[in-house]
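Okay, my_file_10.cif now, which holds mmCIF, C-alpha atoms:
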data_structure
loop_
_atom_site.label_atom_id
_atom_site.label_comp_id
_atom_site.auth_asym_id
_atom_site.auth_seq_id
_atom_site.Cartn_x
_atom_site.Cartn_y
_atom_site.Cartn_z
CA MET U 1 6.81 -29.25 3.38
CA GLU U 2 7.14 -25.48 3.05
CA LEU U 3 4.17 -23.76 1.53
CA THR U 4 5.12 -22.12 -1.75
CA ASP U 5 3.67 -18.72 -2.62
CA VAL U 6 1.48 -20.30 -5.30
CA MET U 7 0.03 -22.78 -2.83
CA ALA U 8 -0.36 -20.14 -0.14
CA VAL U 9 -2.23 -17.81 -2.49
CA GLU U 10 -4.56 -20.58 -3.66
CA GLN U 11 -5.30 -21.61 -0.10
CA ALA U 12 -5.80 -17.99 0.99
CA GLN U 13 -8.19 -17.45 -1.91
CA ALA U 14 -10.08 -20.51 -0.73
CA GLY U 15 -10.48 -18.93 2.70
CA ASP U 16 -7.44 -20.16 4.62
CA ARG U 17 -6.28 -17.19 6.67
CA GLU U 18 -3.21 -19.06 7.90
CA ALA U 19 -2.05 -19.23 4.30
CA PHE U 20 -2.34 -15.47 4.01
CA ARG U 21 -0.42 -15.16 7.26
CA VAL U 22 2.41 -17.14 5.63
CA LEU U 23 2.49 -14.63 2.77
CA VAL U 24 2.54 -11.69 5.17
CA GLU U 25 5.32 -13.17 7.26
CA ARG U 26 7.36 -14.08 4.21
CA HIS U 27 7.11 -10.80 2.33
CA SER U 28 7.10 -8.22 5.12
CA ARG U 29 10.82 -7.63 5.37
CA PRO U 30 11.47 -7.27 1.62
CA ALA U 31 8.42 -4.99 1.47
CA PHE U 32 9.84 -2.85 4.25
CA ARG U 33 13.20 -2.53 2.49
CA LEU U 34 11.51 -1.46 -0.74
CA ALA U 35 9.18 0.93 1.09
CA TYR U 36 12.02 2.47 3.05
CA ARG U 37 14.14 3.02 -0.04
CA MET U 38 11.17 4.61 -1.77
CA THR U 39 10.03 6.82 1.10
CA GLY U 40 13.26 7.36 3.03
CA ASN U 41 11.35 7.30 6.28
CA GLN U 42 10.86 4.45 8.74
CA GLN U 43 7.37 5.36 9.86
CA ASP U 44 6.17 5.88 6.32
CA ALA U 45 7.73 2.57 5.34
CA GLU U 46 5.88 0.81 8.18
CA ASP U 47 2.63 2.40 7.02
CA VAL U 48 3.31 1.36 3.45
CA VAL U 49 3.90 -2.25 4.45
CA GLN U 50 0.68 -2.38 6.41
CA GLU U 51 -1.40 -0.65 3.75
CA SER U 52 0.10 -2.86 1.04
CA PHE U 53 -0.96 -6.04 2.78
CA LEU U 54 -4.42 -4.63 3.37
CA ARG U 55 -4.73 -3.82 -0.32
CA ALA U 56 -3.39 -7.25 -1.22
CA TYR U 57 -5.90 -8.84 1.12
CA ARG U 58 -8.76 -6.90 -0.44
CA GLN U 59 -7.66 -7.67 -3.98
CA LEU U 60 -6.54 -11.26 -3.50
CA GLY U 61 -9.73 -12.56 -5.07
CA ARG U 62 -8.71 -10.87 -8.30
CA PHE U 63 -5.15 -12.19 -8.32
CA ASP U 64 -4.92 -14.59 -11.26
CA HIS U 65 -1.34 -15.92 -11.05
CA ARG U 66 -0.31 -14.30 -14.33
CA ALA U 67 2.58 -12.82 -12.39
CA SER U 68 4.13 -14.27 -9.26
CA PHE U 69 2.64 -13.18 -5.95
CA ALA U 70 5.92 -11.41 -5.14
CA THR U 71 5.75 -9.35 -8.35
CA TRP U 72 2.08 -8.58 -7.89
CA PHE U 73 2.54 -7.63 -4.26
CA TYR U 74 5.62 -5.61 -4.97
CA ARG U 75 3.65 -3.52 -7.48
CA ILE U 76 1.07 -2.87 -4.78
CA THR U 77 3.85 -1.84 -2.41
CA VAL U 78 5.35 0.54 -4.97
CA ASN U 79 1.96 2.16 -5.56
CA CYS U 80 1.35 2.50 -1.83
CA ALA U 81 4.78 4.06 -1.38
CA LEU U 82 4.09 6.53 -4.18
CA ASP U 83 0.75 7.41 -2.59
CA VAL U 84 2.42 7.99 0.77
CA VAL U 85 5.13 10.17 -0.72
CA ARG U 86 2.59 12.22 -2.70
CA ALA U 87 0.40 12.64 0.36
CA ARG U 88 3.41 13.78 2.33
CA GLN U 89 4.32 16.27 -0.36
CA ARG U 90 0.82 17.68 -0.29
CA ARG U 91 1.00 18.03 3.46
CA ALA U 92 4.46 19.50 3.43
CA ALA U 93 3.79 23.07 4.40
CA GLN U 94 6.93 23.15 6.49
CA PRO U 95 10.35 23.57 4.85
CA SER U 96 11.73 20.29 3.61
CA SER U 97 14.37 18.86 1.36
CA PRO U 98 13.72 18.76 -2.40
CA ASP U 99 12.09 15.32 -2.38
CA GLY U 100 9.86 16.11 0.55
CA ASN U 101 11.57 13.84 3.06
CA GLN U 102 12.00 14.80 6.67
CA PRO U 103 15.13 16.93 6.48
CA ASP U 104 17.49 14.71 8.41
CA ALA U 105 15.64 11.45 8.47
CA LEU U 106 18.01 9.49 6.29
CA ALA U 107 21.17 11.05 7.57
CA SER U 108 20.20 10.48 11.17
CA LEU U 109 19.21 6.90 10.44
CA ALA U 110 22.45 6.30 8.66
CA SER U 111 24.49 7.64 11.51
CA ALA U 112 22.29 6.77 14.46
CA ASP U 113 23.38 3.23 15.05
CA PRO U 114 26.21 2.12 12.85
CA GLY U 115 26.87 -0.96 14.98
CA PRO U 116 30.13 -1.97 16.55
CA ASP U 117 31.28 -4.09 13.66
CA ARG U 118 31.00 -1.44 11.00
CA MET U 119 34.18 0.28 10.04
CA ALA U 120 34.26 4.03 10.21
CA MET U 121 34.80 4.34 6.48
CA SER U 122 31.89 2.15 5.50
CA GLY U 123 29.70 4.05 7.95
CA GLN U 124 30.77 7.29 6.38
CA ILE U 125 30.05 5.95 2.93
CA GLY U 126 26.62 4.76 3.97
CA GLU U 127 25.91 8.16 5.38
CA ARG U 128 27.02 9.89 2.21
CA VAL U 129 24.95 7.54 0.09
CA ALA U 130 21.92 8.38 2.21
CA GLU U 131 22.61 12.08 1.78
CA ALA U 132 23.05 11.71 -1.95
CA MET U 133 19.80 9.72 -2.23
CA ARG U 134 18.03 12.46 -0.34
CA GLU U 135 19.11 14.98 -2.93
CA LEU U 136 17.30 13.15 -5.71
CA SER U 137 13.92 14.39 -6.83
CA PRO U 138 11.00 12.03 -6.07
CA ASN U 139 10.84 10.73 -9.63
CA GLU U 140 14.59 10.24 -9.80
CA ARG U 141 14.62 8.48 -6.48
CA HIS U 142 11.71 6.18 -7.30
CA ALA U 143 12.99 5.32 -10.75
CA PHE U 144 16.48 4.70 -9.43
CA VAL U 145 15.35 2.56 -6.48
CA LEU U 146 13.22 0.44 -8.77
CA ARG U 147 15.98 0.03 -11.35
CA HIS U 148 18.97 -0.33 -9.06
CA PHE U 149 17.70 -2.11 -5.97
CA GLU U 150 14.68 -3.92 -7.31
CA GLY U 151 15.90 -4.80 -10.79
CA VAL U 152 12.79 -3.47 -12.51
CA ALA U 153 13.12 -2.86 -16.26
CA ILE U 154 12.83 0.76 -17.32
CA GLU U 155 9.69 0.17 -19.34
CA GLU U 156 7.98 -1.35 -16.31
CA ILE U 157 9.21 1.56 -14.17
CA GLY U 158 7.42 3.90 -16.57
CA ARG U 159 4.20 1.93 -16.12
CA LEU U 160 4.54 1.93 -12.33
CA LEU U 161 5.26 5.64 -12.14
CA GLY U 162 2.67 6.54 -14.76
CA VAL U 163 5.19 8.14 -17.10
CA ALA U 164 6.53 7.37 -20.57
CA PRO U 165 9.51 4.95 -20.77
CA GLY U 166 11.65 7.82 -22.04
CA ALA U 167 10.85 9.87 -18.96
CA ALA U 168 11.59 6.90 -16.68
CA LYS U 169 14.90 6.38 -18.44
CA HIS U 170 15.73 10.05 -18.07
CA SER U 171 14.97 9.89 -14.34
CA VAL U 172 17.34 6.94 -13.94
CA PHE U 173 20.06 8.76 -15.89
CA ARG U 174 19.65 11.93 -13.85
CA ALA U 175 19.74 9.96 -10.62
CA VAL U 176 22.93 8.15 -11.60
CA GLN U 177 24.54 11.42 -12.68
CA LYS U 178 23.68 13.07 -9.37
CA LEU U 179 24.93 10.09 -7.40
CA ARG U 180 28.16 10.04 -9.33
CA HIS U 181 28.63 13.73 -8.75
CA ALA U 182 28.06 13.32 -5.02
CA LEU U 183 29.88 10.05 -4.43
CA GLU U 184 32.72 9.83 -6.91
CA PRO U 185 35.14 11.96 -4.88
CA LEU U 186 34.53 9.78 -1.84
CA VAL U 187 34.84 6.55 -3.80
CA GLU U 188 38.04 7.64 -5.47
CA THR U 189 39.51 8.71 -2.12
CA ALA U 190 38.72 5.33 -0.62
CA ARG U 191 40.48 3.41 -3.39
CA MET Q 1 36.66 7.25 -32.50
CA ASN Q 2 33.31 8.10 -30.95
CA HIS Q 3 33.19 7.29 -27.27
CA LEU Q 4 30.21 5.76 -25.55
CA ALA Q 5 27.79 8.14 -23.90
CA GLU Q 6 27.22 7.87 -20.17
CA GLU Q 7 23.64 6.83 -20.91
CA ASP Q 8 24.91 3.87 -22.95
CA LEU Q 9 27.10 2.78 -20.06
CA ILE Q 10 24.26 3.10 -17.55
CA LEU Q 11 21.96 1.02 -19.70
CA TYR Q 12 24.74 -1.52 -20.20
CA TYR Q 13 25.36 -1.71 -16.45
CA TYR Q 14 21.68 -2.51 -15.91
CA GLY Q 15 21.54 -4.99 -18.77
CA GLU Q 16 19.23 -2.81 -20.85
CA ALA Q 17 21.56 -1.61 -23.59
CA PRO Q 18 19.84 -2.06 -26.95
CA ASP Q 19 23.22 -3.04 -28.45
CA ALA Q 20 25.02 -4.78 -25.62
CA ARG Q 21 27.38 -6.59 -27.99
CA GLY Q 22 28.40 -3.27 -29.56
CA VAL Q 23 29.12 -1.77 -26.13
CA GLU Q 24 31.23 -4.80 -25.17
CA THR Q 25 33.20 -4.57 -28.37
CA HIS Q 26 33.80 -0.88 -27.87
CA LEU Q 27 34.86 -1.32 -24.25
CA ALA Q 28 37.32 -4.03 -25.26
CA GLY Q 29 39.09 -1.63 -27.57
CA CYS Q 30 38.74 1.75 -25.78
CA GLU Q 31 40.68 2.40 -22.63
CA ALA Q 32 38.99 5.75 -21.93
CA CYS Q 33 35.52 4.21 -22.01
CA ARG Q 34 36.72 1.24 -19.94
CA ALA Q 35 37.94 3.69 -17.29
CA GLU Q 36 34.71 5.61 -17.45
CA TYR Q 37 32.69 2.42 -17.07
CA ALA Q 38 34.85 1.27 -14.15
CA ALA Q 39 34.23 4.60 -12.39
CA LEU Q 40 30.50 4.22 -12.94
CA GLN Q 41 30.60 0.67 -11.59
CA ARG Q 42 32.44 1.77 -8.46
CA VAL Q 43 29.85 4.41 -7.64
CA LEU Q 44 26.88 2.17 -8.31
CA ASN Q 45 28.43 -0.62 -6.27
CA VAL Q 46 28.92 1.79 -3.39
CA VAL Q 47 25.27 2.80 -3.57
CA GLU Q 48 24.53 -0.73 -2.36
CA SER Q 49 25.62 0.46 1.06
CA PHE Q 50 22.55 2.70 1.28
CA PRO Q 51 21.54 1.97 4.87
CA VAL Q 52 18.15 0.41 5.47
CA PRO Q 53 17.11 -0.07 9.10
CA GLU Q 54 16.96 -3.77 9.86
CA ARG Q 55 13.69 -5.31 10.94
CA ALA Q 56 13.57 -8.06 13.53
CA GLU Q 57 13.36 -11.68 12.49
CA ASN Q 58 9.76 -11.78 13.66
CA TYR Q 59 8.83 -8.60 11.82
CA GLY Q 60 6.42 -10.49 9.55
CA ARG Q 61 4.56 -11.78 12.58
CA GLN Q 62 4.36 -8.26 14.01
CA VAL Q 63 2.91 -7.01 10.73
CA TRP Q 64 0.37 -9.82 10.70
CA GLU Q 65 -0.72 -8.99 14.22
CA ARG Q 66 -1.04 -5.30 13.43
CA LEU Q 67 -3.16 -6.09 10.40
CA GLY Q 68 -5.72 -7.74 12.65
CA LEU Q 69 -6.87 -10.01 9.84
CA GLY Q 70 -6.54 -13.08 12.00
CA SER Q 71 -9.42 -12.00 14.19
CA ARG Q 72 -11.84 -11.02 11.47
CA ARG Q 73 -14.69 -13.37 11.10
CA SER Q 74 -15.47 -12.47 7.51
CA TRP Q 75 -11.91 -12.18 6.38
CA ILE Q 76 -12.50 -13.01 2.74
CA PRO Q 77 -15.06 -10.47 1.60
CA TRP Q 78 -14.62 -11.23 -2.09
CA ARG Q 79 -15.99 -14.73 -1.60
CA TRP Q 80 -19.45 -13.61 -0.61
CA PRO Q 81 -21.57 -13.23 -3.73
CA ALA Q 82 -23.70 -10.11 -3.99
CA ARG Q 83 -26.92 -12.07 -3.42
CA ARG Q 84 -25.62 -13.30 -0.12
CA TRP Q 85 -24.63 -9.82 0.95
CA ALA Q 86 -28.06 -8.55 0.00
CA ALA Q 87 -29.73 -11.34 1.97
CA ALA Q 88 -27.53 -10.63 4.97
CA ALA Q 89 -28.34 -6.96 4.68
CA GLY Q 90 -32.05 -7.72 4.59
CA VAL Q 91 -31.90 -9.89 7.69
CA ALA Q 92 -29.71 -7.41 9.48
CA ALA Q 93 -31.93 -4.47 8.60
CA LEU Q 94 -34.89 -6.24 10.15
CA MET Q 95 -33.01 -6.28 13.42
CA LEU Q 96 -31.61 -2.81 13.14
CA GLY Q 97 -34.51 -1.18 14.92
CA ALA Q 98 -33.82 -2.89 18.21
CA PHE Q 99 -30.12 -2.36 17.78
CA LEU Q 100 -30.36 1.35 17.15
CA ALA Q 101 -32.75 1.88 20.02
CA GLY Q 102 -30.02 2.68 22.47
CA ARG Q 103 -27.39 0.09 21.65
CA PHE Q 104 -25.34 1.99 19.13
CA SER Q 105 -23.74 4.39 21.54
CA PRO Q 106 -20.92 2.81 23.48
CA GLY Q 107 -22.27 1.99 26.90
CA PRO Q 108 -20.96 0.15 29.91
CA PRO Q 109 -19.97 -3.44 29.19
CA ARG Q 110 -22.72 -5.84 29.84
CA SER Q 111 -22.08 -7.89 32.91
CA GLY Q 112 -24.54 -10.68 32.26
CA ARG Q 113 -22.69 -13.75 31.04
CA ALA Q 114 -25.59 -16.12 31.25
CA ALA Q 115 -26.69 -18.61 28.67
CA ALA Q 116 -27.08 -17.65 25.03
CA SER Q 117 -30.00 -15.38 24.42
CA ALA Q 118 -31.70 -14.64 21.14
CA PRO Q 119 -31.10 -10.86 21.40
CA GLN Q 120 -27.38 -11.41 21.96
CA VAL Q 121 -27.12 -13.68 18.97
CA ARG Q 122 -29.12 -11.31 16.79
CA GLU Q 123 -26.98 -8.39 17.87
CA ARG Q 124 -23.85 -10.25 16.94
CA VAL Q 125 -25.20 -11.16 13.50
CA LEU Q 126 -26.22 -7.58 12.95
CA LEU Q 127 -22.90 -6.19 14.07
CA VAL Q 128 -20.97 -8.49 11.78
CA ALA Q 129 -23.20 -7.66 8.80
CA LEU Q 130 -23.20 -3.92 9.39
CA GLY Q 131 -19.47 -3.89 10.11
CA ASP Q 132 -18.80 -5.74 6.88
CA HIS Q 133 -21.01 -3.36 4.96
CA LEU Q 134 -19.14 -0.36 6.30
CA GLU Q 135 -15.80 -1.99 5.71
CA ARG Q 136 -16.58 -2.91 2.11
CA SER Q 137 -17.92 0.59 1.46
CA GLN Q 138 -14.75 2.01 2.92
CA MET Q 139 -12.62 -0.25 0.71
CA VAL Q 140 -14.29 1.03 -2.46
CA LEU Q 141 -13.75 4.64 -1.44
CA VAL Q 142 -10.18 4.07 -0.25
CA GLU Q 143 -9.24 2.33 -3.49
CA LEU Q 144 -10.61 5.24 -5.51
CA ALA Q 145 -9.04 7.80 -3.21
CA ASN Q 146 -5.66 6.07 -3.54
CA ALA Q 147 -5.77 5.33 -7.28
CA ASN Q 148 -2.98 6.68 -9.42
CA PRO Q 149 -4.18 10.16 -10.42
CA ARG Q 150 -2.03 10.32 -13.54
CA ARG Q 151 -3.61 7.50 -15.47
CA GLU Q 152 -6.96 6.74 -17.01
CA LEU Q 153 -8.70 4.32 -14.73
CA ASP Q 154 -11.20 1.55 -15.38
CA ILE Q 155 -13.47 1.49 -12.35
CA SER Q 156 -16.06 -0.97 -13.65
CA ALA Q 157 -15.23 -3.43 -10.84
CA GLU Q 158 -15.63 -0.70 -8.21
CA GLN Q 159 -18.90 0.37 -9.86
CA GLN Q 160 -20.29 -3.14 -9.56
CA ARG Q 161 -19.33 -3.26 -5.91
CA ALA Q 162 -20.83 0.18 -5.34
CA SER Q 163 -24.13 -0.94 -6.94
CA ASP Q 164 -24.30 -3.92 -4.59
CA LEU Q 165 -23.51 -1.72 -1.63
CA ILE Q 166 -26.19 0.82 -2.51
CA ARG Q 167 -28.97 -1.75 -2.11
CA GLU Q 168 -27.72 -2.79 1.32
CA ASN Q 169 -27.01 0.76 2.36
CA ARG Q 170 -30.57 1.80 1.55
CA LEU Q 171 -31.94 -0.85 3.89
CA TYR Q 172 -29.70 0.21 6.73
CA ARG Q 173 -30.36 3.91 6.14
CA GLN Q 174 -34.14 3.54 6.01
CA THR Q 175 -34.17 1.49 9.18
CA ALA Q 176 -31.93 3.96 10.97
CA ALA Q 177 -34.22 6.80 9.90
CA ARG Q 178 -37.30 4.91 11.08
CA THR Q 179 -35.79 4.29 14.49
CA GLY Q 180 -34.84 7.93 14.84
CA ASP Q 181 -31.06 7.51 14.73
CA ALA Q 182 -30.48 10.65 12.69
CA ALA Q 183 -26.69 10.59 13.01
CA VAL Q 184 -26.31 7.09 11.58
CA ALA Q 185 -28.97 7.73 8.95
CA GLY Q 186 -27.17 10.92 7.96
CA VAL Q 187 -23.83 9.22 7.44
CA LEU Q 188 -25.44 6.36 5.54
CA ASP Q 189 -27.24 8.93 3.39
CA GLU Q 190 -23.95 10.64 2.54
CA LEU Q 191 -22.35 7.30 1.85
CA GLU Q 192 -25.18 6.37 -0.46
CA ARG Q 193 -24.79 9.57 -2.47
CA ILE Q 194 -21.11 8.92 -3.05
CA LEU Q 195 -21.74 5.29 -3.94
CA LEU Q 196 -24.39 6.43 -6.41
CA GLU Q 197 -21.94 8.81 -8.03
CA VAL Q 198 -19.44 6.00 -8.39
CA ALA Q 199 -21.99 3.50 -9.71
CA ARG Q 200 -23.67 5.84 -12.17
CA GLY Q 201 -20.64 7.69 -13.44
CA PRO Q 202 -18.45 6.68 -16.37
CA SER Q 203 -16.56 3.43 -15.94
CA GLU Q 204 -13.46 4.91 -17.58
CA LEU Q 205 -12.22 7.85 -15.56
CA THR Q 206 -9.84 10.42 -16.96
CA PRO Q 207 -7.24 11.80 -14.54
CA ALA Q 208 -9.42 14.93 -14.22
CA GLY Q 209 -12.55 12.86 -13.55
CA LEU Q 210 -10.73 10.80 -10.98
CA GLU Q 211 -9.44 13.92 -9.27
CA ARG Q 212 -12.97 15.32 -9.08
CA LEU Q 213 -14.18 12.12 -7.49
CA ARG Q 214 -11.27 12.06 -5.06
CA GLN Q 215 -11.98 15.65 -4.06
CA ARG Q 216 -15.62 14.78 -3.55
CA ILE Q 217 -14.65 11.90 -1.27
CA ARG Q 218 -12.24 14.09 0.65
CA ALA Q 219 -14.46 17.16 0.83
CA ASP Q 220 -17.29 15.42 2.64
CA GLY Q 221 -15.00 13.61 5.02
CA ILE Q 222 -17.11 10.58 4.35
CA LEU Q 223 -14.27 8.14 4.90
CA PHE Q 224 -13.70 9.52 8.35
CA LYS Q 225 -17.38 9.34 9.23
CA VAL Q 226 -17.67 5.77 7.97
CA ARG Q 227 -14.57 4.84 9.94
CA VAL Q 228 -16.04 6.33 13.11
CA ILE Q 229 -19.25 4.33 12.75
CA GLY Q 230 -17.28 1.27 11.68
CA SER Q 231 -15.05 1.49 14.71
CA THR Q 232 -18.05 1.84 17.01
CA VAL Q 233 -19.56 -1.23 15.41
CA GLN Q 234 -16.25 -3.07 15.72
CA ASN Q 235 -16.06 -2.25 19.43
CA GLN Q 236 -19.56 -3.52 19.93
CA GLU Q 237 -18.73 -6.59 17.91
CA ASP Q 238 -15.63 -7.27 19.99
CA ARG Q 239 -17.63 -6.99 23.16
CA ALA Q 240 -20.22 -9.34 21.72
CA ALA Q 241 -17.46 -11.76 20.70
CA GLN Q 242 -16.11 -11.79 24.26
CA ASN Q 243 -19.46 -12.99 25.44
CA PRO Q 244 -19.21 -16.80 25.61
CA ALA Q 245 -22.77 -17.21 24.52
CA ALA Q 246 -22.31 -15.16 21.40
CA ARG Q 247 -19.01 -16.84 20.58
CA LYS Q 248 -20.94 -19.91 19.53
CA LEU Q 249 -21.88 -18.17 16.31
#
What would the structure in this file look like if it were written as structure tokens?
Amino acid sequence: MELTDVMAVEQAQAGDREAFRVLVERHSRPAFRLAYRMTGNQQDAEDVVQESFLRAYRQLGRFDHRASFATWFYRITVNCALDVVRARQRRAAQPSSPDGNQPDALASLASADPGPDRMAMSGQIGERVAEAMRELSPNERHAFVLRHFEGVAIEEIGRLLGVAPGAAKHSVFRAVQKLRHALEPLVETAR
Amino acid sequence: MNHLAEEDLILYYYGEAPDARGVETHLAGCEACRAEYAALQRVLNVVESFPVPERAENYGRQVWERLGLGSRRSWIPWRWPARRWAAAAGVAALMLGAFLAGRFSPGPPRSGRAAASAPQVRERVLLVALGDHLERSQMVLVELANANPRRELDISAEQQRASDLIRENRLYRQTAARTGDAAVAGVLDELERILLEVARGPSELTPAGLERLRQRIRADGILFKVRVIGSTVQNQEDRAAQNPAARKL
């Protein structure tokens, strides 16, 4: 029988390291996707995943099942990603794009290995989406990623980002407006 | 007829419109807004193609291996009550003298693989206890250093942990000083000062208070110093663990 998250957490809290391994193996890939969308950088995303599990491991004794493990862990991942991005911004003495990402990290990733089965148009769209995402400010990007890709309610986004719900909502609106401005011509052409 | 604002459509798209029924009714009767909403949908659907590098199927296993949690002997630190940590610290401190007298610096691997000896076993116990102490100290500081700087923060849990750590730290520091290991004693002294600040400060930190504490942690480079000692201890511990006699612990 497959170990559910609830069972795995209970067993891990009781000292079963194999149970914690199950949680790590199960949630690593979704955590990477979230971290990558938040940071826009593969290495940062790898660091975020690792740091998130370390934090989860340290705090597991305090986890009380009021939320699901996935929700609890995902909050940890978001906070780690925000810490990484802020640290990177502080370090960023060299010229960088407005959100502090490596200048061509997303674009190069988008175009580096499109794969043989991807059509040229979809590759181009992916590339343009990556470029448009890179143009968002950090708050816009984080709020948008959480709302659009992770399905987090705006009020919760405000809590996660440490801003008022109105500010979180505004960040989502601004992000959508910028994305529309950047992508609408391409989308309409492709119709 | 008033048209829907873009904000209304965005909230509706994400299922957060305060008056979803009203938006639906309006869309049903307004071609311009329907077109506007369709354009918004097309863009947001396209955003789904935002490329994320794929991870291998066994990525979770790779992460687990990198974490190194599988090899930690005390992998559930929260389950050790403070009394037990204090007792372990007391026992370990009694042995610290012999340990610090020449063993702390990385030396050539010991070649003797004979039967279990009391010094080997004691060294292993000490290494595990000291390594755990350093690791738990590091966790408290890292959590504070990484806390969200924009919010008020309740650090009462960290304060309790810091108080427990101070008692242990004092034992290790005094023993290190007695045995003349000034470098280790110095780092433990710095660590103790920071832990004292955490334990004796307010349990509710304002963003400004948290920032001061974070700067204090950063300014002294204490995390780095603790990591250096911790990694030396870990190396010693690994060597001790490779010894078949010590592995019986």
- On this structure, which residues satisfy the PyMOL selection byres ((chain Q) within 7 of (chain U)), written as a count of residues only? 20
- Task: Provide the CA of Ala176 (chain Q) to CA of Leu144 (chain Q) distance in Å, to one decimal place.
- Result: 27.0 Å
- Query: Looking at all atoms listed in the file, which of Q:Glu48, Q:Glu190, Q:Glu65, Q:Glu152 is the one that sits closest to Leu223 (chain Q)?
  - Reply: Q:Glu190
- Message: Is it possible to get the residues within 10 Å of (-13.9, 4.6, 8.9) (coordinates as in the file, counting all atoms listed in the file) written as number ranges by chain?
- Response: Q: 134-135, 137-139, 142, 221-232
- Task: Please measure the separation of CA of Ile166 (chain Q) and CA of Val140 (chain Q), giving the value in Å to one decimal.
- Result: 11.9 Å
- Figure out the distance between CA of Asp5 (chain U) and CA of Ala143 (chain U), please, to one decimal in Å.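 Rounded to one decimal, the two atoms are 27.0 Å apart.
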- Item | From Q:Ile155, Q:Ala28, Q:Leu188, Q:Leu4, residue lying nearest Thr175 (chain Q) [all atoms listed in the file] |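 Residue with the minimum atom-to-atom distance to Thr175 (chain Q): Q:Leu188.
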- Message: I need every residue sitting at most 12 Å from the point (3.0, -22.7, -4.6) (coordinates as in the file, all atoms listed in the file considered), written as an NGL selection string.
- Response: :U and (1-12 or 19 or 22-23 or 65 or 68-70)
